[in-house]
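Accompanying notes for the structure given below.
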Amino acid sequence: MAETVQAVMDSMVPALHDFVHLKIFSESEIKALVDRRRNWEYMLIRKETRKEDWLEYVAFEMNLLKLQTMRKARSPAAASSPSSPSQFHIEQHIHFIFTRALRKFKTDVTMWMQYIDFAKKNDSNKRLGRIYAEALQIHPHSELLWLSSAEWEFFSNNNAKSARVVMQRSLRTIPKSEQLWLQYFNLELHYVQRMRGRREILQLEGGHVEEPGGIASIVYRNAIKSTEGGLEFRLKFLEQCSSFPQTEKLEREIMDSIASDFPNDPEAYIARAKYLLPNFAAALNLMDEGLSNSSSPDKYRIPYLDFLREIVESEQVPESDLPVVTSKYHEVVQSTAPSPELALLQAELTSISPISELLSSFPTPTSLEIPSPYITKIGLLLSHAHLRLGEYDEASKVLTSALWKLNAHSPQHLESFAALASSAIQTLLITNQVNEVESIIKKAPLDTMEGLLKIYLRHAIVEDGEEGA
């Protein structure tokens, strides 16, 4: 045991002497460093070492490396000795610590990633190739390691061919991994963009440049076959296309596959309609087509209304198209059977500017027996719409109506009751409806009463202060 530690310490001697010679560290600092390292080395050759012990040793050496870098910049002697024994000593010692740690904790993917991160920061490219190879041999099913390896090969090592090989190997090992397929697709798009950029810089004419619809298209089709990819998975490919120029052909292929593989799915129609925006006429025509083709129109109408709410909320609709969108909303509402979902959608849309006034005449099915999970959302949304229009009495009525529909003393409704009651009390106090406020507080569960009383008392204190003034 002692011989092993001494051998490690002896190997450091030339570099440590060089630190003193270059005036990067003083003799007393080197003595303290030797003591610290010897203690670490003895601790790490125990049978029961913890992962944390190794990482603390690494952290200590990393801080030492930062100190060396700062002092080296201020040392003329160090600047004139670029190939001295101490130049890479600390960095190499950290590699040595990680190598030994990973023999003991080789199943720990997090530690492998910490080692990889260190090697990247210090431009240890030759080592990185070996680190990835060893890590993937032990963890062939780690998506994180495959993704990191391919990314490093492509973006840092500038080797697109090796990045492709890494992605192909990863997908032979984990063929159903959606993350890996998406990364492969993304790298192919980056590759085409890189080639196009080089041609523009060199002002080359003629020749063949791969289009995004080439290999990326093959990757997409194979991804769908291998993973039986659903709608959300396909839309992630579409999202990646939006980050690159000249991908229209590839985007159309993705949308065509969605149309053919999900002919009756409302969410698929919504995705296709969003793709057509800002052509609102075409988007609404497509949604109408989906409604007419649907075998369950009632189930289709709620997603259709939600689509309308979403595009209005995102303020994508220009003022000139608002009448068309609101008319379509009204048309779909009139043909939809009353339901809690419909009530919530109407409340959400009514609270959205700039069309709240246009929609204020639309009937909300308040007579419907609405389940309690919807009551709080609907009450708060509708009251917010009234408050924005300065209709305080209407806002108070909505809140108190929603409040008394809840079973206040049911434990599962306490949070909802507190939210509604707080809003109701604040709104009622604006119009000096003190009796209504006291009624709410008296009927409130004990667990909510203290918070509601505080709201009431704060208002009373403010009122007394204003009167005194």
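Starting from 1 in every chain, residues are counted up; chains themselves are A, B, ... following the order of the structure tokens, and ligands are numbered from 1 as listed.
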
Review point. Can you list every residue in segment 45-227 of chain A that DSSP puts in helix (DSSP H, G or I), as a VMD selection string?
Key: chain A and resid 51 to 73 76 to 79 89 to 104 109 to 121 125 to 138 143 to 156 160 to 173 178 to 202 215 to 227

Exercise for review: Fewer than 5 positions away in the same chain doesn't count, so skip those; otherwise give me all residues within 12 Å of segment 38-52 of chain A, counting only C-alpha atoms, as a PyMOL selection string.
Suggested key: chain A and resi 1-10+12+31-33+57-61+93+96-98+100-108+110-111

Polymer residues at most 8 Å from Arg272 of chain A, only C-alpha atoms, same-chain spacing of 5 or more positions, as a CSV table (one decimal) with C-alpha atoms, in the first residue's frame:
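The resulting file, around_4.csv, is reproduced below:
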chain,number,residue,atom,x,y,z
A,255,MET,CA,-46.9,16.6,-43.2
A,259,ALA,CA,-52.1,13.1,-43.2
A,283,ALA,CA,-56.2,26.4,-42.0
A,286,LEU,CA,-58.7,22.0,-43.4

Exercise: Ile94 of chain A partners within 12 Å, only C-alpha atoms, chain neighbours under 4 positions left out, as an mmCIF file with N, CA, C and O atoms, in the first residue's frame:
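Okay, result.cif is ready:
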data_model
loop_
_atom_site.group_PDB
_atom_site.id
_atom_site.type_symbol
_atom_site.label_atom_id
_atom_site.label_comp_id
_atom_site.auth_asym_id
_atom_site.auth_seq_id
_atom_site.Cartn_x
_atom_site.Cartn_y
_atom_site.Cartn_z
ATOM 1 N N ARG A 37 -2.015 15.709 -1.363
ATOM 2 C CA ARG A 37 -2.093 14.610 -2.338
ATOM 3 C C ARG A 37 -1.775 13.261 -1.698
ATOM 4 O O ARG A 37 -2.425 12.265 -2.001
ATOM 5 N N TRP A 54 -13.460 10.383 -4.522
ATOM 6 C CA TRP A 54 -12.759 10.607 -5.781
ATOM 7 C C TRP A 54 -13.116 11.975 -6.373
ATOM 8 O O TRP A 54 -12.251 12.687 -6.878
ATOM 9 N N LEU A 55 -14.392 12.311 -6.322
ATOM 10 C CA LEU A 55 -14.828 13.578 -6.917
ATOM 11 C C LEU A 55 -14.324 14.785 -6.133
ATOM 12 O O LEU A 55 -14.068 15.848 -6.711
ATOM 13 N N GLU A 56 -14.176 14.635 -4.819
ATOM 14 C CA GLU A 56 -13.595 15.723 -4.026
ATOM 15 C C GLU A 56 -12.127 15.940 -4.401
ATOM 16 O O GLU A 56 -11.647 17.079 -4.477
ATOM 17 N N TYR A 57 -11.412 14.841 -4.647
ATOM 18 C CA TYR A 57 -10.023 14.911 -5.088
ATOM 19 C C TYR A 57 -9.947 15.632 -6.438
ATOM 20 O O TYR A 57 -9.128 16.537 -6.650
ATOM 21 N N VAL A 58 -10.834 15.267 -7.358
ATOM 22 C CA VAL A 58 -10.879 15.911 -8.677
ATOM 23 C C VAL A 58 -11.173 17.406 -8.527
ATOM 24 O O VAL A 58 -10.532 18.250 -9.177
ATOM 25 N N ALA A 59 -12.144 17.751 -7.683
ATOM 26 C CA ALA A 59 -12.506 19.162 -7.492
ATOM 27 C C ALA A 59 -11.320 19.963 -6.958
ATOM 28 O O ALA A 59 -11.077 21.105 -7.384
ATOM 29 N N PHE A 60 -10.579 19.375 -6.020
ATOM 30 C CA PHE A 60 -9.393 20.038 -5.475
ATOM 31 C C PHE A 60 -8.373 20.319 -6.581
ATOM 32 O O PHE A 60 -7.829 21.418 -6.700
ATOM 33 N N GLU A 61 -8.127 19.313 -7.429
ATOM 34 C CA GLU A 61 -7.143 19.465 -8.506
ATOM 35 C C GLU A 61 -7.619 20.454 -9.569
ATOM 36 O O GLU A 61 -6.824 21.185 -10.157
ATOM 37 N N MET A 62 -8.911 20.493 -9.807
ATOM 38 C CA MET A 62 -9.437 21.462 -10.785
ATOM 39 C C MET A 62 -9.244 22.893 -10.302
ATOM 40 O O MET A 62 -8.908 23.790 -11.087
ATOM 41 N N ASN A 63 -9.468 23.114 -9.031
ATOM 42 C CA ASN A 63 -9.218 24.448 -8.467
ATOM 43 C C ASN A 63 -7.737 24.804 -8.549
ATOM 44 O O ASN A 63 -7.362 25.959 -8.809
ATOM 45 N N LEU A 64 -6.882 23.800 -8.328
ATOM 46 C CA LEU A 64 -5.441 24.003 -8.439
ATOM 47 C C LEU A 64 -5.053 24.358 -9.877
ATOM 48 O O LEU A 64 -4.204 25.223 -10.118
ATOM 49 N N LEU A 65 -5.725 23.714 -10.847
ATOM 50 C CA LEU A 65 -5.457 23.989 -12.260
ATOM 51 C C LEU A 65 -5.829 25.433 -12.613
ATOM 52 O O LEU A 65 -5.113 26.115 -13.356
ATOM 53 N N PHE A 88 1.539 20.590 -18.238
ATOM 54 C CA PHE A 88 0.302 19.812 -18.269
ATOM 55 C C PHE A 88 0.188 18.855 -17.071
ATOM 56 O O PHE A 88 -0.630 17.928 -17.085
ATOM 57 N N HIS A 89 1.016 19.106 -16.061
ATOM 58 C CA HIS A 89 1.068 18.157 -14.955
ATOM 59 C C HIS A 89 -0.279 17.994 -14.244
ATOM 60 O O HIS A 89 -0.753 16.871 -14.045
ATOM 61 N N ILE A 90 -0.902 19.094 -13.866
ATOM 62 C CA ILE A 90 -2.148 19.003 -13.095
ATOM 63 C C ILE A 90 -3.262 18.400 -13.950
ATOM 64 O O ILE A 90 -4.035 17.548 -13.487
ATOM 65 N N PHE A 98 -9.373 10.319 -12.660
ATOM 66 C CA PHE A 98 -10.600 9.847 -13.305
ATOM 67 C C PHE A 98 -10.446 8.408 -13.812
ATOM 68 O O PHE A 98 -11.359 7.588 -13.673
ATOM 69 N N THR A 99 -9.295 8.117 -14.413
ATOM 70 C CA THR A 99 -9.079 6.769 -14.957
ATOM 71 C C THR A 99 -9.188 5.719 -13.859
ATOM 72 O O THR A 99 -9.844 4.673 -14.031
ATOM 73 N N ARG A 100 -8.571 5.981 -12.729
ATOM 74 C CA ARG A 100 -8.637 5.020 -11.611
ATOM 75 C C ARG A 100 -10.042 4.954 -11.009
ATOM 76 O O ARG A 100 -10.533 3.884 -10.648
ATOM 77 N N ALA A 101 -10.692 6.125 -10.904
ATOM 78 C CA ALA A 101 -12.045 6.161 -10.336
ATOM 79 C C ALA A 101 -13.008 5.332 -11.180
ATOM 80 O O ALA A 101 -13.862 4.608 -10.650
ATOM 81 N N GLN A 114 -18.918 13.306 -16.385
ATOM 82 C CA GLN A 114 -18.083 14.319 -15.728
ATOM 83 C C GLN A 114 -16.666 14.297 -16.300
ATOM 84 O O GLN A 114 -16.049 15.352 -16.510
ATOM 85 N N TYR A 115 -16.173 13.091 -16.545
ATOM 86 C CA TYR A 115 -14.834 12.954 -17.130
ATOM 87 C C TYR A 115 -14.820 13.524 -18.554
ATOM 88 O O TYR A 115 -13.912 14.268 -18.945
ATOM 89 N N ILE A 116 -15.852 13.207 -19.309
ATOM 90 C CA ILE A 116 -15.964 13.710 -20.685
ATOM 91 C C ILE A 116 -16.020 15.237 -20.688
ATOM 92 O O ILE A 116 -15.374 15.900 -21.511
ATOM 93 N N PHE A 118 -14.793 17.283 -18.487
ATOM 94 C CA PHE A 118 -13.456 17.805 -18.176
ATOM 95 C C PHE A 118 -12.553 17.733 -19.407
ATOM 96 O O PHE A 118 -11.848 18.701 -19.738
ATOM 97 N N ALA A 119 -12.571 16.600 -20.094
ATOM 98 C CA ALA A 119 -11.716 16.433 -21.273
ATOM 99 C C ALA A 119 -12.074 17.436 -22.367
ATOM 100 O O ALA A 119 -11.200 17.974 -23.056
ATOM 101 N N ASN A 122 -10.776 20.957 -21.613
ATOM 102 C CA ASN A 122 -9.321 21.087 -21.717
ATOM 103 C C ASN A 122 -8.783 20.635 -23.076
ATOM 104 O O ASN A 122 -7.573 20.410 -23.228
ATOM 105 N N SER A 124 -8.851 17.922 -24.740
ATOM 106 C CA SER A 124 -8.120 16.652 -24.783
ATOM 107 C C SER A 124 -8.757 15.735 -25.834
ATOM 108 O O SER A 124 -9.339 14.687 -25.522
#
